[in-house]
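K.L.:
I have a structure I would like to understand better, so I am pasting it below and will then ask my questions one at a time.
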Amino acid sequence: AQSVTQLGSHVSVSEGALVLLRCNYSSSVPPYLFWYVQYPNQGLQLLLKYTSAATLVKGINGFEAEFKKSETSFHLTKPSAHMSDAAEYFCAVSDLGGGSQGNLIFGKGTKLSVKP
Amino acid sequence: ETGVTQSPTHLIKTRGQQVTLRCSSQSGHNTVSWYQQALGQGPQFIFQYYREEENGRGNFPPRFSGLQFPNYSSELNVNALELDDSALYLCASSPRDPGDTQYFGPGTRLTVL
């Protein structure tokens, strides 16, 4: 069964600093992986997704993630944090063995704070 | 292109009552999934509907039920509400294939007193 672990429930960076949010997955088959962002009192917005086409995936708002099979990781990065990046970030894997077609299994989330 | 919409935005119920939440899928999407997001947690999969049939279910009791209509909109029904049902309920729509992106609505905040 697939699973996702996000290391660090809370990450704080200064404006302009590198953002690194960690995600490790467990999957017995090649996974589909996603990063979503959730702003307060809102739903989830897709940042980017990995579907085996390329290991480095570029998303919206300057975010990117690299799929590393040997490390079973899919960490999210952004070179320079903006105040508007403050939100909660969720890593998810598509469950391909649960009987449904691709329901998502989410990590517990990482709350990103950006200091001025 | 209209995105995923959900209604109502907020809802307050008392323990033991029943509730119905509604979701309109994005144009062209025939699959709807429902998730429960408790405070401080990631979303948990409740169930998925494809062409009006349940197509997979997470670890939720039978008092959580749903429907999908011919226009692919969907309802989530919860009977005999418990305090722990207080959460943000998210609906997501997607095309059929696994790995297709799920597009989420803004959610319905349910509070059970």
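Identifiers in the structure tokens: chain A, B, ... in order shown; residue index from 1 per chain; ligand index from 1 in order shown.
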Near chain B, which residues of chain A fall within 9 Å when you count only C-alpha atoms, and what do they look like as a ChimeraX atom specification?
P.N.:
/A:31-34,41-46,49-51,90,93-96,98-109
K.L.:
Those same residues - C-alpha atoms - I'd like them written as a short mmCIF file (atom, residue, chain, number, x, y, z; two decimals), in the first residue's frame.
P.N.:
data_model
loop_
_atom_site.label_atom_id
_atom_site.label_comp_id
_atom_site.auth_asym_id
_atom_site.auth_seq_id
_atom_site.Cartn_x
_atom_site.Cartn_y
_atom_site.Cartn_z
CA PRO A 31 3.93 6.32 -8.26
CA TYR A 32 2.05 9.39 -9.28
CA LEU A 33 3.08 12.12 -6.85
CA PHE A 34 1.58 15.51 -6.16
CA ASN A 41 -9.84 28.48 5.10
CA GLN A 42 -9.48 27.35 1.50
CA GLY A 43 -9.38 24.13 -0.48
CA LEU A 44 -6.31 22.55 -2.05
CA GLN A 45 -4.54 23.98 -5.08
CA LEU A 46 -2.24 21.85 -7.21
CA LYS A 49 2.68 16.58 -10.17
CA TYR A 50 5.04 13.79 -11.17
CA THR A 51 3.84 11.17 -13.63
CA PHE A 90 0.65 18.63 1.33
CA VAL A 93 0.57 9.83 -3.77
CA SER A 94 -2.07 8.35 -6.01
CA ASP A 95 -3.40 5.07 -4.62
CA LEU A 96 -3.40 2.68 -7.53
CA GLY A 98 -7.28 0.68 -3.52
CA GLY A 99 -10.00 -0.23 -5.95
CA SER A 100 -10.66 3.33 -6.95
CA GLN A 101 -8.95 5.12 -9.76
CA GLY A 102 -6.31 7.27 -8.23
CA ASN A 103 -7.66 8.49 -4.93
CA LEU A 104 -4.99 10.44 -3.12
CA ILE A 105 -3.13 9.48 0.03
CA PHE A 106 -1.88 12.63 1.74
CA GLY A 107 0.88 13.35 4.18
CA LYS A 108 0.08 15.25 7.35
CA GLY A 109 1.19 18.52 5.86
#
K.L.:
Can you tell me which residues surround Thr2 of chain B at a distance of at most 9 Å, considering only C-alpha atoms, apart from same-chain residues fewer than 6 positions away, and format the answer as a PyMOL selection string?
P.N.:
chain B and resi 25-27
K.L.:
Give me a file of those residues, with all heavy atoms, as a tab-separated table (two decimals), in the first residue's frame.
P.N.:
chain	number	residue	atom	x	y	z
B	25	SER	N	-18.95	19.09	-10.01
B	25	SER	CA	-17.63	18.80	-10.55
B	25	SER	C	-17.26	19.78	-11.66
B	25	SER	O	-18.10	20.47	-12.22
B	25	SER	CB	-17.58	17.37	-11.08
B	25	SER	OG	-18.53	17.19	-12.12
B	26	GLN	N	-15.97	19.80	-11.95
B	26	GLN	CA	-15.48	20.65	-13.03
B	26	GLN	C	-15.97	20.09	-14.36
B	26	GLN	O	-16.10	18.88	-14.54
B	26	GLN	CB	-13.96	20.68	-12.97
B	26	GLN	CG	-13.31	21.65	-13.94
B	26	GLN	CD	-11.86	21.91	-13.60
B	26	GLN	OE1	-11.50	22.09	-12.44
B	26	GLN	NE2	-11.01	21.93	-14.61
B	27	SER	N	-16.22	21.00	-15.29
B	27	SER	CA	-16.70	20.61	-16.61
B	27	SER	C	-15.79	19.57	-17.25
B	27	SER	O	-14.57	19.71	-17.27
B	27	SER	CB	-16.78	21.86	-17.49
B	27	SER	OG	-17.16	21.52	-18.80
K.L.:
Enumerate, as a ChimeraX atom specification, the complete set of residues in chain B that a backbone-based DSSP assignment places in strand (DSSP E).
P.N.:
/B:5-7,10-13,19-24,31-37,44-50,53-57,64-68,74-78,87-94,103-104,108-112
K.L.:
Let's have the selection written as a PDB file, in the first residue's frame, with C-alpha atoms.
P.N.:
ATOM      1  CA  THR B   5     -17.971  24.195  -6.270  1.00  0.00           C
ATOM      2  CA  GLN B   6     -19.304  23.021  -2.920  1.00  0.00           C
ATOM      3  CA  SER B   7     -22.243  23.988  -0.773  1.00  0.00           C
ATOM      4  CA  HIS B  10     -20.263  26.276   6.657  1.00  0.00           C
ATOM      5  CA  LEU B  11     -22.672  24.111   8.578  1.00  0.00           C
ATOM      6  CA  ILE B  12     -23.413  23.589  12.251  1.00  0.00           C
ATOM      7  CA  LYS B  13     -25.230  20.460  13.396  1.00  0.00           C
ATOM      8  CA  VAL B  19     -26.233  16.224   6.991  1.00  0.00           C
ATOM      9  CA  THR B  20     -25.979  16.449   3.195  1.00  0.00           C
ATOM     10  CA  LEU B  21     -23.096  18.186   1.476  1.00  0.00           C
ATOM     11  CA  ARG B  22     -23.095  18.988  -2.230  1.00  0.00           C
ATOM     12  CA  CYS B  23     -20.447  19.191  -4.919  1.00  0.00           C
ATOM     13  CA  SER B  24     -20.491  20.233  -8.558  1.00  0.00           C
ATOM     14  CA  THR B  31     -15.108  11.211 -11.326  1.00  0.00           C
ATOM     15  CA  VAL B  32     -15.751  12.764  -7.928  1.00  0.00           C
ATOM     16  CA  SER B  33     -13.846  11.978  -4.744  1.00  0.00           C
ATOM     17  CA  TRP B  34     -14.655  13.086  -1.209  1.00  0.00           C
ATOM     18  CA  TYR B  35     -12.135  13.706   1.538  1.00  0.00           C
ATOM     19  CA  GLN B  36     -12.379  14.555   5.229  1.00  0.00           C
ATOM     20  CA  GLN B  37      -9.771  16.918   6.655  1.00  0.00           C
ATOM     21  CA  GLN B  44      -8.431  11.406   4.311  1.00  0.00           C
ATOM     22  CA  PHE B  45     -10.154   9.631   1.430  1.00  0.00           C
ATOM     23  CA  ILE B  46     -13.823   8.825   2.084  1.00  0.00           C
ATOM     24  CA  PHE B  47     -15.025   7.452  -1.253  1.00  0.00           C
ATOM     25  CA  GLN B  48     -15.039   8.008  -4.965  1.00  0.00           C
ATOM     26  CA  TYR B  49     -17.847   7.990  -7.543  1.00  0.00           C
ATOM     27  CA  TYR B  50     -17.493   7.249 -11.218  1.00  0.00           C
ATOM     28  CA  GLU B  53     -21.357   4.154  -8.989  1.00  0.00           C
ATOM     29  CA  GLU B  54     -19.177   4.022  -5.870  1.00  0.00           C
ATOM     30  CA  ASN B  55     -15.680   3.223  -7.090  1.00  0.00           C
ATOM     31  CA  GLY B  56     -13.559   2.760  -3.998  1.00  0.00           C
ATOM     32  CA  ARG B  57     -13.966   3.602  -0.343  1.00  0.00           C
ATOM     33  CA  PHE B  64     -21.039   7.992   5.380  1.00  0.00           C
ATOM     34  CA  SER B  65     -22.785   7.532   2.050  1.00  0.00           C
ATOM     35  CA  GLY B  66     -22.921   9.298  -1.253  1.00  0.00           C
ATOM     36  CA  LEU B  67     -24.534   9.755  -4.599  1.00  0.00           C
ATOM     37  CA  GLN B  68     -23.444  10.859  -8.018  1.00  0.00           C
ATOM     38  CA  SER B  74     -22.340  14.532  -6.105  1.00  0.00           C
ATOM     39  CA  GLU B  75     -23.662  14.463  -2.553  1.00  0.00           C
ATOM     40  CA  LEU B  76     -22.076  13.273   0.659  1.00  0.00           C
ATOM     41  CA  ASN B  77     -24.500  12.195   3.368  1.00  0.00           C
ATOM     42  CA  VAL B  78     -23.546  11.578   6.960  1.00  0.00           C
ATOM     43  CA  ALA B  87     -13.977  18.670   9.856  1.00  0.00           C
ATOM     44  CA  LEU B  88     -13.494  20.307   6.485  1.00  0.00           C
ATOM     45  CA  TYR B  89     -15.067  18.134   3.783  1.00  0.00           C
ATOM     46  CA  LEU B  90     -13.396  18.451   0.427  1.00  0.00           C
ATOM     47  CA  CYS B  91     -14.711  17.366  -2.915  1.00  0.00           C
ATOM     48  CA  ALA B  92     -12.398  16.790  -5.867  1.00  0.00           C
ATOM     49  CA  SER B  93     -13.188  16.045  -9.475  1.00  0.00           C
ATOM     50  CA  SER B  94     -10.968  14.468 -12.109  1.00  0.00           C
ATOM     51  CA  TYR B 103      -9.150  19.494  -8.672  1.00  0.00           C
ATOM     52  CA  PHE B 104     -10.483  20.461  -5.295  1.00  0.00           C
ATOM     53  CA  THR B 108     -17.552  22.641   3.522  1.00  0.00           C
ATOM     54  CA  ARG B 109     -16.698  23.284   7.155  1.00  0.00           C
ATOM     55  CA  LEU B 110     -18.911  21.047   9.327  1.00  0.00           C
ATOM     56  CA  THR B 111     -19.124  21.646  13.056  1.00  0.00           C
ATOM     57  CA  VAL B 112     -20.920  19.084  15.197  1.00  0.00           C
TER      58      VAL B 112
END
K.L.:
Could you tell me which of B:Pro62, B:Asn79, B:Gly3, B:Ser86 comes closest to His29 of chain B if we count only C-alpha atoms?
P.N.:
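Smallest distance to His29 of chain B is found for B:Gly3.
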K.L.:
At a cut-off of 7 Å, using only C-alpha atoms, what residues contact Thr5 of chain A? Leave out same-chain residues fewer than 6 positions from it and give the result as a short mmCIF file (atom, residue, chain, number, x, y, z; two decimals) with all heavy atoms, in the first residue's frame.
P.N.:
data_model
loop_
_atom_site.label_atom_id
_atom_site.label_comp_id
_atom_site.auth_asym_id
_atom_site.auth_seq_id
_atom_site.Cartn_x
_atom_site.Cartn_y
_atom_site.Cartn_z
N CYS A 23 9.38 15.28 1.49
CA CYS A 23 8.34 14.26 1.32
C CYS A 23 8.99 12.95 0.91
O CYS A 23 9.78 12.91 -0.04
CB CYS A 23 7.35 14.71 0.26
SG CYS A 23 6.13 13.44 -0.20
N ASN A 24 8.67 11.90 1.64
CA ASN A 24 9.08 10.55 1.26
C ASN A 24 7.85 9.71 1.05
O ASN A 24 6.86 9.84 1.76
CB ASN A 24 9.98 9.94 2.33
CG ASN A 24 11.36 10.58 2.35
OD1 ASN A 24 11.57 11.58 3.04
ND2 ASN A 24 12.27 10.03 1.60
N TYR A 25 7.91 8.83 0.07
CA TYR A 25 6.75 8.03 -0.26
C TYR A 25 7.10 6.55 -0.17
O TYR A 25 8.27 6.16 -0.19
CB TYR A 25 6.26 8.36 -1.67
CG TYR A 25 7.21 7.89 -2.74
CD1 TYR A 25 7.08 6.64 -3.32
CD2 TYR A 25 8.25 8.71 -3.15
CE1 TYR A 25 7.98 6.20 -4.28
CE2 TYR A 25 9.16 8.28 -4.10
CZ TYR A 25 9.03 7.03 -4.67
OH TYR A 25 9.92 6.59 -5.61
N GLY A 107 0.11 13.21 2.97
CA GLY A 107 0.88 13.35 4.18
C GLY A 107 0.14 14.26 5.15
O GLY A 107 -0.92 14.80 4.83
#
K.L.:
Using only C-alpha atoms, determine which residues lie at most 12 Å from Lys68 of chain A, disregarding the query and same-chain residues fewer than 2 positions distant; provide the list as a PyMOL selection string.
P.N.:
chain A and resi 22-25+30-31+33+50+52+54-57+65-66+70-76
K.L.:
May I have the selected residues written with N, CA and C atoms, as a PDB file, in the first residue's frame?
P.N.:
ATOM      1  N   ARG A  22      10.104  18.543   2.766  1.00  0.00           N
ATOM      2  CA  ARG A  22      10.490  17.155   2.495  1.00  0.00           C
ATOM      3  C   ARG A  22       9.296  16.213   2.430  1.00  0.00           C
ATOM      4  N   CYS A  23       9.385  15.277   1.495  1.00  0.00           N
ATOM      5  CA  CYS A  23       8.341  14.263   1.322  1.00  0.00           C
ATOM      6  C   CYS A  23       8.994  12.953   0.914  1.00  0.00           C
ATOM      7  N   ASN A  24       8.666  11.902   1.638  1.00  0.00           N
ATOM      8  CA  ASN A  24       9.081  10.553   1.257  1.00  0.00           C
ATOM      9  C   ASN A  24       7.849   9.706   1.048  1.00  0.00           C
ATOM     10  N   TYR A  25       7.912   8.834   0.065  1.00  0.00           N
ATOM     11  CA  TYR A  25       6.747   8.025  -0.264  1.00  0.00           C
ATOM     12  C   TYR A  25       7.099   6.552  -0.169  1.00  0.00           C
ATOM     13  N   PRO A  30       5.430   2.177  -9.745  1.00  0.00           N
ATOM     14  CA  PRO A  30       5.808   3.571 -10.045  1.00  0.00           C
ATOM     15  C   PRO A  30       4.686   4.512  -9.653  1.00  0.00           C
ATOM     16  N   PRO A  31       5.002   5.495  -8.824  1.00  0.00           N
ATOM     17  CA  PRO A  31       3.933   6.316  -8.260  1.00  0.00           C
ATOM     18  C   PRO A  31       3.579   7.528  -9.103  1.00  0.00           C
ATOM     19  N   LEU A  33       2.852  11.308  -8.038  1.00  0.00           N
ATOM     20  CA  LEU A  33       3.084  12.121  -6.850  1.00  0.00           C
ATOM     21  C   LEU A  33       2.639  13.557  -7.087  1.00  0.00           C
ATOM     22  N   TYR A  50       4.080  14.658 -10.511  1.00  0.00           N
ATOM     23  CA  TYR A  50       5.036  13.788 -11.168  1.00  0.00           C
ATOM     24  C   TYR A  50       4.288  12.570 -11.704  1.00  0.00           C
ATOM     25  N   SER A  52       6.088  10.404 -14.113  1.00  0.00           N
ATOM     26  CA  SER A  52       7.173   9.609 -14.723  1.00  0.00           C
ATOM     27  C   SER A  52       7.717  10.174 -16.016  1.00  0.00           C
ATOM     28  N   ALA A  54       9.383  13.205 -16.379  1.00  0.00           N
ATOM     29  CA  ALA A  54      10.677  13.840 -16.100  1.00  0.00           C
ATOM     30  C   ALA A  54      10.861  13.874 -14.596  1.00  0.00           C
ATOM     31  N   THR A  55      12.086  13.685 -14.143  1.00  0.00           N
ATOM     32  CA  THR A  55      12.317  13.605 -12.696  1.00  0.00           C
ATOM     33  C   THR A  55      12.259  14.964 -12.021  1.00  0.00           C
ATOM     34  N   LEU A  56      12.589  16.030 -12.751  1.00  0.00           N
ATOM     35  CA  LEU A  56      12.480  17.379 -12.195  1.00  0.00           C
ATOM     36  C   LEU A  56      11.202  17.997 -12.730  1.00  0.00           C
ATOM     37  N   VAL A  57      10.320  18.308 -11.811  1.00  0.00           N
ATOM     38  CA  VAL A  57       9.001  18.811 -12.192  1.00  0.00           C
ATOM     39  C   VAL A  57       8.884  20.271 -11.775  1.00  0.00           C
ATOM     40  N   ALA A  65       9.969  20.272  -7.871  1.00  0.00           N
ATOM     41  CA  ALA A  65      10.229  19.093  -7.047  1.00  0.00           C
ATOM     42  C   ALA A  65      10.995  18.082  -7.885  1.00  0.00           C
ATOM     43  N   GLU A  66      11.860  17.331  -7.208  1.00  0.00           N
ATOM     44  CA  GLU A  66      12.657  16.326  -7.894  1.00  0.00           C
ATOM     45  C   GLU A  66      12.303  14.940  -7.393  1.00  0.00           C
ATOM     46  N   SER A  70      15.737   6.307  -5.886  1.00  0.00           N
ATOM     47  CA  SER A  70      16.645   5.621  -4.964  1.00  0.00           C
ATOM     48  C   SER A  70      16.421   6.061  -3.525  1.00  0.00           C
ATOM     49  N   GLU A  71      15.950   7.283  -3.344  1.00  0.00           N
ATOM     50  CA  GLU A  71      15.697   7.806  -2.004  1.00  0.00           C
ATOM     51  C   GLU A  71      14.203   7.803  -1.669  1.00  0.00           C
ATOM     52  N   THR A  72      13.389   7.341  -2.562  1.00  0.00           N
ATOM     53  CA  THR A  72      11.912   7.401  -2.444  1.00  0.00           C
ATOM     54  C   THR A  72      11.481   8.769  -1.930  1.00  0.00           C
ATOM     55  N   SER A  73      12.010   9.815  -2.564  1.00  0.00           N
ATOM     56  CA  SER A  73      11.703  11.170  -2.116  1.00  0.00           C
ATOM     57  C   SER A  73      11.136  12.009  -3.248  1.00  0.00           C
ATOM     58  N   PHE A  74      10.441  13.046  -2.843  1.00  0.00           N
ATOM     59  CA  PHE A  74       9.848  14.003  -3.789  1.00  0.00           C
ATOM     60  C   PHE A  74       9.778  15.344  -3.062  1.00  0.00           C
ATOM     61  N   HIS A  75      10.930  15.898  -2.773  1.00  0.00           N
ATOM     62  CA  HIS A  75      11.013  17.132  -1.995  1.00  0.00           C
ATOM     63  C   HIS A  75      10.653  18.344  -2.844  1.00  0.00           C
ATOM     64  N   LEU A  76      10.005  19.301  -2.214  1.00  0.00           N
ATOM     65  CA  LEU A  76       9.553  20.537  -2.867  1.00  0.00           C
ATOM     66  C   LEU A  76      10.519  21.659  -2.534  1.00  0.00           C
TER      67      LEU A  76
END
K.L.:
Residues at most 10 Å from Ser113 of chain A, counting only C-alpha atoms, excluding those fewer than 6 positions away in the same chain, as an mmCIF file with all heavy atoms, in the first residue's frame?
P.N.:
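This is the output file result_13.cif:
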data_model
loop_
_atom_site.group_PDB
_atom_site.id
_atom_site.type_symbol
_atom_site.label_atom_id
_atom_site.label_comp_id
_atom_site.auth_asym_id
_atom_site.auth_seq_id
_atom_site.Cartn_x
_atom_site.Cartn_y
_atom_site.Cartn_z
ATOM 1 N N HIS A 10 6.279 21.923 10.713
ATOM 2 C CA HIS A 10 6.346 23.372 10.609
ATOM 3 C C HIS A 10 7.752 23.769 10.174
ATOM 4 O O HIS A 10 8.739 23.371 10.791
ATOM 5 C CB HIS A 10 6.010 24.010 11.967
ATOM 6 C CG HIS A 10 5.708 25.468 11.869
ATOM 7 N ND1 HIS A 10 5.270 26.213 12.945
ATOM 8 C CD2 HIS A 10 5.774 26.342 10.840
ATOM 9 C CE1 HIS A 10 5.102 27.476 12.582
ATOM 10 N NE2 HIS A 10 5.398 27.567 11.306
ATOM 11 N N VAL A 11 7.821 24.554 9.096
ATOM 12 C CA VAL A 11 9.093 25.071 8.595
ATOM 13 C C VAL A 11 8.998 26.594 8.530
ATOM 14 O O VAL A 11 7.995 27.135 8.041
ATOM 15 C CB VAL A 11 9.408 24.500 7.196
ATOM 16 C CG1 VAL A 11 10.585 25.215 6.574
ATOM 17 C CG2 VAL A 11 9.683 22.998 7.281
ATOM 18 N N SER A 12 10.034 27.251 9.030
ATOM 19 C CA SER A 12 10.065 28.715 9.019
ATOM 20 C C SER A 12 11.307 29.180 8.273
ATOM 21 O O SER A 12 12.410 28.704 8.552
ATOM 22 C CB SER A 12 10.078 29.254 10.454
ATOM 23 O OG SER A 12 10.065 30.663 10.455
ATOM 24 N N VAL A 13 11.116 30.081 7.308
ATOM 25 C CA VAL A 13 12.247 30.625 6.544
ATOM 26 C C VAL A 13 12.104 32.135 6.494
ATOM 27 O O VAL A 13 11.008 32.679 6.694
ATOM 28 C CB VAL A 13 12.303 30.052 5.113
ATOM 29 C CG1 VAL A 13 12.451 28.534 5.142
ATOM 30 C CG2 VAL A 13 11.091 30.466 4.305
ATOM 31 N N SER A 14 13.191 32.791 6.174
ATOM 32 C CA SER A 14 13.158 34.232 5.968
ATOM 33 C C SER A 14 12.807 34.532 4.514
ATOM 34 O O SER A 14 13.077 33.721 3.614
ATOM 35 C CB SER A 14 14.511 34.857 6.296
ATOM 36 O OG SER A 14 14.833 34.665 7.659
ATOM 37 N N GLU A 15 12.211 35.666 4.293
ATOM 38 C CA GLU A 15 11.885 36.080 2.928
ATOM 39 C C GLU A 15 13.168 36.121 2.111
ATOM 40 O O GLU A 15 14.190 36.653 2.554
ATOM 41 C CB GLU A 15 11.216 37.454 2.946
ATOM 42 C CG GLU A 15 10.575 37.837 1.633
ATOM 43 C CD GLU A 15 9.772 39.126 1.730
ATOM 44 O OE1 GLU A 15 10.006 39.897 2.683
ATOM 45 O OE2 GLU A 15 8.918 39.354 0.862
ATOM 46 N N ALA A 81 11.941 32.513 -1.086
ATOM 47 C CA ALA A 81 10.602 32.557 -0.487
ATOM 48 C C ALA A 81 10.019 33.965 -0.534
ATOM 49 O O ALA A 81 10.722 34.960 -0.327
ATOM 50 C CB ALA A 81 10.676 32.083 0.962
ATOM 51 N N HIS A 82 8.718 34.006 -0.797
ATOM 52 C CA HIS A 82 7.957 35.253 -0.711
ATOM 53 C C HIS A 82 6.987 35.152 0.458
ATOM 54 O O HIS A 82 6.599 34.054 0.866
ATOM 55 C CB HIS A 82 7.170 35.488 -2.004
ATOM 56 C CG HIS A 82 8.032 35.720 -3.189
ATOM 57 N ND1 HIS A 82 7.565 35.660 -4.477
ATOM 58 C CD2 HIS A 82 9.346 36.019 -3.296
ATOM 59 C CE1 HIS A 82 8.546 35.907 -5.313
ATOM 60 N NE2 HIS A 82 9.639 36.118 -4.635
ATOM 61 N N MET A 83 6.593 36.290 0.960
ATOM 62 C CA MET A 83 5.621 36.311 2.066
ATOM 63 C C MET A 83 4.349 35.572 1.674
ATOM 64 O O MET A 83 3.725 34.889 2.493
ATOM 65 C CB MET A 83 5.290 37.738 2.473
ATOM 66 C CG MET A 83 6.460 38.531 3.026
ATOM 67 S SD MET A 83 7.101 37.847 4.557
ATOM 68 C CE MET A 83 5.745 38.200 5.669
ATOM 69 N N SER A 84 3.975 35.670 0.396
ATOM 70 C CA SER A 84 2.741 35.045 -0.072
ATOM 71 C C SER A 84 2.821 33.516 -0.109
ATOM 72 O O SER A 84 1.804 32.853 -0.346
ATOM 73 C CB SER A 84 2.388 35.559 -1.464
ATOM 74 O OG SER A 84 3.428 35.259 -2.378
ATOM 75 N N ASP A 85 4.014 32.956 0.110
ATOM 76 C CA ASP A 85 4.156 31.493 0.120
ATOM 77 C C ASP A 85 3.722 30.880 1.451
ATOM 78 O O ASP A 85 3.631 29.651 1.563
ATOM 79 C CB ASP A 85 5.616 31.097 -0.157
ATOM 80 C CG ASP A 85 6.061 31.455 -1.562
ATOM 81 O OD1 ASP A 85 5.223 31.422 -2.479
ATOM 82 O OD2 ASP A 85 7.257 31.793 -1.725
ATOM 83 N N ALA A 86 3.467 31.700 2.445
ATOM 84 C CA ALA A 86 3.053 31.183 3.750
ATOM 85 C C ALA A 86 1.719 30.466 3.614
ATOM 86 O O ALA A 86 0.707 31.067 3.217
ATOM 87 C CB ALA A 86 2.940 32.331 4.746
ATOM 88 N N ALA A 87 1.728 29.177 3.904
ATOM 89 C CA ALA A 87 0.554 28.331 3.702
ATOM 90 C C ALA A 87 0.906 26.936 4.219
ATOM 91 O O ALA A 87 1.997 26.702 4.731
ATOM 92 C CB ALA A 87 0.180 28.259 2.228
ATOM 93 N N GLU A 88 -0.031 26.001 4.062
ATOM 94 C CA GLU A 88 0.253 24.606 4.394
ATOM 95 C C GLU A 88 0.411 23.822 3.101
ATOM 96 O O GLU A 88 -0.359 24.012 2.147
ATOM 97 C CB GLU A 88 -0.854 24.010 5.253
ATOM 98 C CG GLU A 88 -0.500 22.632 5.801
ATOM 99 C CD GLU A 88 -1.077 22.379 7.176
ATOM 100 O OE1 GLU A 88 -2.092 23.000 7.518
ATOM 101 O OE2 GLU A 88 -0.522 21.514 7.902
#
K.L.:
Atom CA of Lys78 of chain A and atom CA of Cys91 of chain A are how many Å apart?
P.N.:
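Taking atom CA of Lys78 of chain A as the start and atom CA of Cys91 of chain A as the end point, the length is 15.1 Å.
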